[in-house]
Every structure is written in structure tokens, then in C-alpha cells.
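Q: Pasting target26.txt below, which is compact mmCIF, C-alpha atoms.
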```txt
# COMPACT_ATOMS: atom_id res chain seq x y z
CA GLY A 274 114.23 100.79 90.89
CA GLU A 275 113.34 97.86 93.10
CA SER A 276 109.72 97.74 94.15
CA VAL A 277 107.03 95.73 95.81
CA GLY A 278 103.67 95.47 94.11
CA LEU A 279 100.27 93.82 94.33
CA HIS A 280 98.23 92.11 91.62
CA LEU A 281 94.73 93.14 92.71
CA PRO A 282 93.75 96.57 93.96
CA THR A 283 90.36 95.39 95.32
CA LEU A 284 89.23 91.97 96.48
CA SER A 285 85.61 91.31 97.37
CA VAL A 286 84.70 88.10 99.21
CA GLN A 287 81.72 86.66 101.02
CA GLU A 288 81.80 86.35 104.78
CA GLY A 289 83.08 82.92 105.72
CA ASP A 290 85.07 82.43 102.54
CA ASN A 291 88.84 82.26 102.45
CA SER A 292 90.73 85.27 101.07
CA ILE A 293 94.03 85.30 99.26
CA ILE A 294 95.94 88.53 98.75
CA ASN A 295 98.99 88.42 96.51
CA CYS A 296 102.14 90.48 96.32
CA ALA A 297 105.12 90.47 93.96
CA TYR A 298 108.49 91.83 95.01
CA SER A 299 111.57 92.48 92.92
CA ASN A 300 114.40 92.91 95.40
CA SER A 301 116.03 89.50 95.58
CA ALA A 302 118.13 90.70 98.52
CA SER A 303 115.06 91.17 100.74
CA ASP A 304 115.14 88.83 103.67
CA TYR A 305 112.17 89.90 105.78
CA PHE A 306 108.57 90.31 104.70
CA ILE A 307 105.59 91.62 106.58
CA TRP A 308 101.87 91.93 106.00
CA TYR A 309 100.07 94.93 107.46
CA LYS A 310 96.37 95.67 107.77
CA GLN A 311 95.21 99.25 107.64
CA GLU A 312 91.68 100.15 108.66
CA SER A 313 90.16 103.47 107.76
CA GLY A 314 91.65 106.31 109.79
CA LYS A 315 94.22 104.12 111.48
CA GLY A 316 97.86 103.26 111.09
CA PRO A 317 99.14 100.01 109.56
CA GLN A 318 98.77 97.13 111.98
CA PHE A 319 101.18 94.20 111.96
CA ILE A 320 99.52 90.91 110.96
CA ILE A 321 102.24 88.39 110.26
CA ASP A 322 105.81 88.23 109.08
CA ILE A 323 108.13 85.74 107.44
CA ARG A 324 111.86 85.53 106.92
CA SER A 325 113.47 84.46 103.70
CA ASN A 326 114.64 81.13 105.16
CA MET A 327 111.01 80.03 105.45
CA ASP A 328 108.31 79.43 102.86
CA LYS A 329 105.25 79.29 105.09
CA ARG A 330 104.19 80.70 108.40
CA GLN A 331 100.83 80.40 110.12
CA GLY A 332 99.10 82.63 112.60
CA GLN A 333 95.59 82.80 113.90
CA ARG A 334 93.40 82.50 110.78
CA VAL A 335 96.23 83.88 108.64
CA THR A 336 98.95 82.19 106.66
CA VAL A 337 101.78 83.81 104.74
CA LEU A 338 103.44 81.98 101.87
CA LEU A 339 106.76 83.00 100.39
CA ASN A 340 107.98 81.79 97.01
CA LYS A 341 111.49 83.14 96.54
CA THR A 342 111.86 81.52 93.13
CA VAL A 343 109.23 83.77 91.59
CA LYS A 344 109.51 86.52 94.23
CA HIS A 345 105.92 86.13 95.33
CA LEU A 346 104.27 86.62 98.70
CA SER A 347 100.68 85.84 99.63
CA LEU A 348 98.43 86.30 102.61
CA GLN A 349 95.66 83.81 103.19
CA ILE A 350 92.84 84.67 105.57
CA ALA A 351 90.62 81.80 106.62
CA ALA A 352 86.90 82.25 107.26
CA THR A 353 86.97 85.94 106.38
CA GLN A 354 84.93 88.15 108.68
CA PRO A 355 83.51 91.67 108.22
CA GLY A 356 86.18 92.91 110.63
CA ASP A 357 88.80 91.82 108.12
CA SER A 358 87.69 94.54 105.71
CA ALA A 359 90.66 96.87 105.31
CA VAL A 360 93.57 97.69 103.03
CA TYR A 361 96.34 95.12 103.20
CA PHE A 362 99.96 95.95 102.45
CA CYS A 363 102.91 93.72 101.94
CA ALA A 364 106.28 95.17 102.84
CA GLU A 365 109.84 94.01 102.47
CA THR A 366 113.16 94.97 103.92
CA THR A 367 116.77 93.93 104.15
CA GLY A 368 118.21 93.82 107.62
CA ARG A 369 116.94 96.74 109.65
CA ARG A 370 116.39 99.13 106.83
CA ALA A 371 113.12 100.94 106.38
CA LEU A 372 110.24 99.07 104.81
CA THR A 373 109.38 99.20 101.13
CA PHE A 374 105.63 98.91 100.82
CA GLY A 375 103.47 97.57 98.05
CA SER A 376 100.59 99.61 96.73
CA GLY A 377 97.92 97.90 98.85
CA THR A 378 94.86 95.71 98.25
CA ARG A 379 91.46 96.65 99.56
CA LEU A 380 89.59 93.66 100.98
CA GLN A 381 85.82 94.01 101.09
CA VAL A 382 83.91 91.37 103.01
CA GLN A 383 80.26 91.03 102.01
CA PRO A 384 77.94 89.83 104.80
CA ASP B 17 99.18 102.51 127.16
CA THR B 18 99.45 103.38 123.46
CA ALA B 19 102.66 101.98 122.00
CA VAL B 20 103.30 104.64 119.32
CA SER B 21 101.43 107.90 119.62
CA GLN B 22 101.31 110.97 117.42
CA THR B 23 99.97 114.46 117.89
CA PRO B 24 98.02 116.05 116.45
CA LYS B 25 95.74 113.60 114.66
CA TYR B 26 94.51 116.28 112.29
CA LEU B 27 96.34 119.39 111.16
CA VAL B 28 94.86 121.98 108.80
CA THR B 29 97.01 124.94 107.86
CA GLN B 30 97.71 127.53 105.20
CA MET B 31 100.44 127.37 102.59
CA GLY B 32 103.68 128.90 103.75
CA ASN B 33 103.16 128.10 107.43
CA ASP B 34 105.55 126.07 109.59
CA LYS B 35 104.18 123.14 111.58
CA SER B 36 105.39 120.24 113.71
CA ILE B 37 104.13 116.73 114.31
CA LYS B 38 105.20 114.89 117.43
CA CYS B 39 105.78 111.18 117.91
CA GLU B 40 106.46 109.17 121.03
CA GLN B 41 106.94 105.44 121.57
CA ASN B 42 106.96 103.58 124.87
CA LEU B 43 108.21 100.28 123.48
CA GLY B 44 111.86 100.87 124.28
CA HIS B 45 112.79 100.63 120.60
CA ASP B 46 116.02 102.11 119.30
CA THR B 47 114.82 102.92 115.78
CA MET B 48 112.07 105.32 114.74
CA TYR B 49 110.74 106.31 111.34
CA TRP B 50 108.56 108.78 109.50
CA TYR B 51 106.48 107.62 106.53
CA LYS B 52 104.25 109.60 104.20
CA GLN B 53 101.02 108.10 102.81
CA ASP B 54 99.59 109.84 99.79
CA SER B 55 96.01 110.03 98.56
CA LYS B 56 96.44 106.71 96.75
CA LYS B 57 97.40 105.00 100.01
CA PHE B 58 101.02 104.57 98.95
CA LEU B 59 103.37 104.50 101.95
CA LYS B 60 106.90 105.76 101.54
CA ILE B 61 109.76 106.13 103.99
CA MET B 62 110.97 109.66 104.70
CA PHE B 63 113.42 109.36 107.59
CA SER B 64 114.82 106.83 109.99
CA TYR B 65 116.61 107.46 113.28
CA ASN B 66 118.57 104.98 115.37
CA ASN B 67 119.53 105.99 118.90
CA LYS B 68 118.84 109.63 118.05
CA GLU B 69 121.02 109.54 114.93
CA LEU B 70 119.74 109.94 111.40
CA ILE B 71 120.37 106.77 109.38
CA ILE B 72 117.97 107.14 106.45
CA ASN B 73 117.05 110.34 104.68
CA GLU B 74 115.17 109.63 101.49
CA THR B 75 114.63 112.21 98.79
CA VAL B 76 112.68 114.61 100.93
CA PRO B 77 112.76 118.42 100.56
CA ASN B 78 114.93 120.08 103.15
CA ARG B 79 111.81 121.89 104.35
CA PHE B 80 111.26 118.68 106.32
CA SER B 81 113.49 118.37 109.35
CA PRO B 82 113.22 115.49 111.82
CA LYS B 83 114.40 115.98 115.36
CA SER B 84 114.99 113.30 117.96
CA PRO B 85 115.45 114.72 121.47
CA ASP B 86 115.71 111.22 122.91
CA LYS B 87 115.22 107.59 121.85
CA ALA B 88 111.51 107.68 122.62
CA HIS B 89 110.68 110.75 120.52
CA LEU B 90 110.98 111.65 116.86
CA ASN B 91 109.35 114.89 115.81
CA LEU B 92 108.84 116.17 112.29
CA HIS B 93 109.05 119.86 111.56
CA ILE B 94 107.91 121.18 108.21
CA ASN B 95 108.76 124.68 106.99
CA SER B 96 107.00 126.68 104.29
CA LEU B 97 104.21 124.17 103.79
CA GLU B 98 103.06 123.49 100.23
CA LEU B 99 99.84 122.04 98.82
CA GLY B 100 101.69 118.85 97.88
CA ASP B 101 102.59 118.23 101.50
CA SER B 102 98.98 117.28 102.18
CA ALA B 103 99.05 113.62 103.19
CA VAL B 104 98.88 111.33 106.19
CA TYR B 105 102.16 111.08 108.06
CA PHE B 106 102.94 107.99 110.09
CA CYS B 107 105.53 107.52 112.74
CA ALA B 108 106.82 104.02 113.44
CA SER B 109 109.31 102.37 115.74
CA SER B 110 111.04 99.03 115.69
CA LYS B 111 113.40 96.60 117.26
CA ASP B 112 112.74 94.11 114.47
CA THR B 113 109.08 94.51 113.46
CA GLN B 114 107.87 98.05 112.83
CA TYR B 115 104.89 99.31 114.77
CA PHE B 116 103.02 102.31 113.48
CA GLY B 117 101.32 105.23 115.12
CA PRO B 118 97.75 106.27 114.29
CA GLY B 119 98.84 108.89 111.76
CA THR B 120 98.53 112.64 111.37
CA ARG B 121 96.38 113.89 108.51
CA LEU B 122 97.92 117.11 107.25
CA THR B 123 95.83 119.33 104.99
CA VAL B 124 97.48 122.37 103.42
CA LEU B 125 95.07 124.97 102.04
```
For the file at hand, write its structure as C-alpha cells.

A:
Amino acid sequence: GESVGLHLPTLSVQEGDNSIINCAYSNSASDYFIWYKQESGKGPQFIIDIRSNMDKRQGQRVTVLLNKTVKHLSLQIAATQPGDSAVYFCAETTGRRALTFGSGTRLQVQP
Amino acid sequence: DTAVSQTPKYLVTQMGNDKSIKCEQNLGHDTMYWYKQDSKKFLKIMFSYNNKELIINETVPNRFSPKSPDKAHLNLHINSLELGDSAVYFCASSKDTQYFGPGTRLTVL
């Protein structure tokens, strides 16, 4: 069936470096994409979203890129901090349906 | 002023028991959801309610029964608990973006 997946299960970066977390999706009908951050013992926390009519959206220290041609989504975190250490999920949906989540990438920030 | 809250946070019980998890949101959202996160961190939708009506019911055993007494609440009742039900259960609500509760870690012994 359709699915959303991630290339790297664990990403380790040095504090201050930029981080890039990638996600591949297969449902070409998806029109809304979200990145969530999940810290240990907590629920997924919304980071940033993007609709299919855009290819880039920026937030505070985070940027999401959407490439619909190759069905690829990425999350860029600038100047990664220890507080960014968490599991990051991409998710996709069509309209107001429930989210389909990727398998998650663990980001480890080394001080 | 928690947006989406769940109780209890931890639930440990024996196989065969019946248990409930409660969820409340104060965001005024019309749609609420239950997700299950397994030991490998994979999140999967179980149910979705819109204005107290069930709109999504994924392939979930009928031992799981959601109940929505009003738009702000979506409770999850589980009958005859099995070992494989052990997981973290998340409630969420949305208007557009989904906001998640803190989760309930269920352990079935």
C-alpha cells in the first residue's frame, strides 16, 4: 500500500552544524505534509508544515523542502542545538484524513 | 492550559482486563483521533471522530471501542486486553494541523 518512509534511522550531528532529515512518500495524491518532533516520553510536537502547491517553507531555524517530482520531503535544521535531539517524523495526508507517518529518524546532537 | 490531555499517563494491567483511556481537548477542534505507537516508534491511526461521529476506523480489533460524549472528548475503551496491546496510545485533535496529547503508555502483563 501507500506509505511514507525515511532514509536514515539515526542522524548524529555536532552542535552548531546544520541537520537535514529526509523522507520519501509514495502517495502522489497527498497534498499536505507535516514534520513532527517527538522527545522521549512526550507526544509528537508540530514543527512545520507545507502544502503541495509550495516547494519550500521556512520557520524559525527550520526549513521544509518538498519535491513532488520525486516525492521527497526534507527538514533542515540550522545551527542544531542539544535541545533538538529527538525523533523526527514526517507525515502526509489528503484533505482532512488521518495522518500517515513515516518510520522516524532519531537526531542525536553531540555537544 | 494543556491543549490535548490524556489520562492516565501510565497504565499497567493484566491480560483479559478491560481498561479505558480518556482524552480531552480545549482547542475547539471538531476532529479527534487515536493513534497507536509501537515499540519501534511507528505511529498508526486507529480511529477518527468528527463532531462526535466516527469517520475513520482502521483495521483495529473490535475489542477497541472509541466513545465521544462530546466534541471535546474522545475516550478509548479496550476489552479483554492482550499482550500485543502494549504500546503508547496518543490522542490528537485538529482543525487543519493535528495536535497530539502526551500519550498513555499501556503495559499488559

Q: Pick out the chain A residues within 9 Å of chain B. Count all atoms listed in the file. Give them as a ChimeraX atom specification.

A: /A:307,314-319,322,360,368-377

Q: With only C-alpha atoms counted, which protein, DNA or RNA residues have an atom no more than 12 Å from (99.0, 85.1, 99.6) in the file frame? Please answer as an NGL selection string.

A: :A and (279-281 or 291-297 or 307-308 or 321 or 328-331 or 335-340 or 344-351 or 361-363 or 378)

Q: Just C-alpha atoms for this one: save the residues we selected as a PDB file, in the coordinates of the input.

A:
```
ATOM      1  CA  LEU A 279     100.270  93.820  94.330  1.00  0.00           C
ATOM      2  CA  HIS A 280      98.230  92.110  91.620  1.00  0.00           C
ATOM      3  CA  LEU A 281      94.730  93.140  92.710  1.00  0.00           C
ATOM      4  CA  ASN A 291      88.840  82.260 102.450  1.00  0.00           C
ATOM      5  CA  SER A 292      90.730  85.270 101.070  1.00  0.00           C
ATOM      6  CA  ILE A 293      94.030  85.300  99.260  1.00  0.00           C
ATOM      7  CA  ILE A 294      95.940  88.530  98.750  1.00  0.00           C
ATOM      8  CA  ASN A 295      98.990  88.420  96.510  1.00  0.00           C
ATOM      9  CA  CYS A 296     102.140  90.480  96.320  1.00  0.00           C
ATOM     10  CA  ALA A 297     105.120  90.470  93.960  1.00  0.00           C
ATOM     11  CA  ILE A 307     105.590  91.620 106.580  1.00  0.00           C
ATOM     12  CA  TRP A 308     101.870  91.930 106.000  1.00  0.00           C
ATOM     13  CA  ILE A 321     102.240  88.390 110.260  1.00  0.00           C
ATOM     14  CA  ASP A 328     108.310  79.430 102.860  1.00  0.00           C
ATOM     15  CA  LYS A 329     105.250  79.290 105.090  1.00  0.00           C
ATOM     16  CA  ARG A 330     104.190  80.700 108.400  1.00  0.00           C
ATOM     17  CA  GLN A 331     100.830  80.400 110.120  1.00  0.00           C
ATOM     18  CA  VAL A 335      96.230  83.880 108.640  1.00  0.00           C
ATOM     19  CA  THR A 336      98.950  82.190 106.660  1.00  0.00           C
ATOM     20  CA  VAL A 337     101.780  83.810 104.740  1.00  0.00           C
ATOM     21  CA  LEU A 338     103.440  81.980 101.870  1.00  0.00           C
ATOM     22  CA  LEU A 339     106.760  83.000 100.390  1.00  0.00           C
ATOM     23  CA  ASN A 340     107.980  81.790  97.010  1.00  0.00           C
ATOM     24  CA  LYS A 344     109.510  86.520  94.230  1.00  0.00           C
ATOM     25  CA  HIS A 345     105.920  86.130  95.330  1.00  0.00           C
ATOM     26  CA  LEU A 346     104.270  86.620  98.700  1.00  0.00           C
ATOM     27  CA  SER A 347     100.680  85.840  99.630  1.00  0.00           C
ATOM     28  CA  LEU A 348      98.430  86.300 102.610  1.00  0.00           C
ATOM     29  CA  GLN A 349      95.660  83.810 103.190  1.00  0.00           C
ATOM     30  CA  ILE A 350      92.840  84.670 105.570  1.00  0.00           C
ATOM     31  CA  ALA A 351      90.620  81.800 106.620  1.00  0.00           C
ATOM     32  CA  TYR A 361      96.340  95.120 103.200  1.00  0.00           C
ATOM     33  CA  PHE A 362      99.960  95.950 102.450  1.00  0.00           C
ATOM     34  CA  CYS A 363     102.910  93.720 101.940  1.00  0.00           C
ATOM     35  CA  THR A 378      94.860  95.710  98.250  1.00  0.00           C
TER      36      THR A 378
END
```

Q: CA of Gln311 (chain A) to CA of Thr29 (chain B): how many Å, to one decimal?

A: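 About the pair CA of Gln311 (chain A) and CA of Thr29 (chain B): they are 25.8 Å apart.
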
Q: With all atoms listed in the file counted, which protein, DNA or RNA residues have an atom no more than 6 Å from (105.4, 111.5, 119.8) in the file frame? Please answer as a list in words.

A: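 Applying the cut-off with all atoms listed in the file, one gets Ser21, Gln22, Lys38, Cys39, Glu40 and His89 of chain B.
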
Q: Taking 3 positions as the minimum chain separation for residues in the same chain, which residues sit within 6 Å of region 90-97 of chain B when counting all atoms listed in the file? Answer as a count of residues only.

A: 15

Q: Just how far from CA of Pro355 (chain A) is CA of Gly332 (chain A), in Å to one decimal?

A: 18.5 Å

Q: Please, what distance in Å, to one decimal, runs between CA of Leu70 (chain B) and CA of Leu43 (chain B)?

A: 19.3 Å

Q: For Thr283 (chain A), work out the shell of residues within 8 Å, counting all atoms listed in the file and skipping chain neighbours fewer than 5 positions away, then give it as a list in words.

A: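 Selected residues are Thr378, Arg379, Leu380 and Gln381 of chain A.
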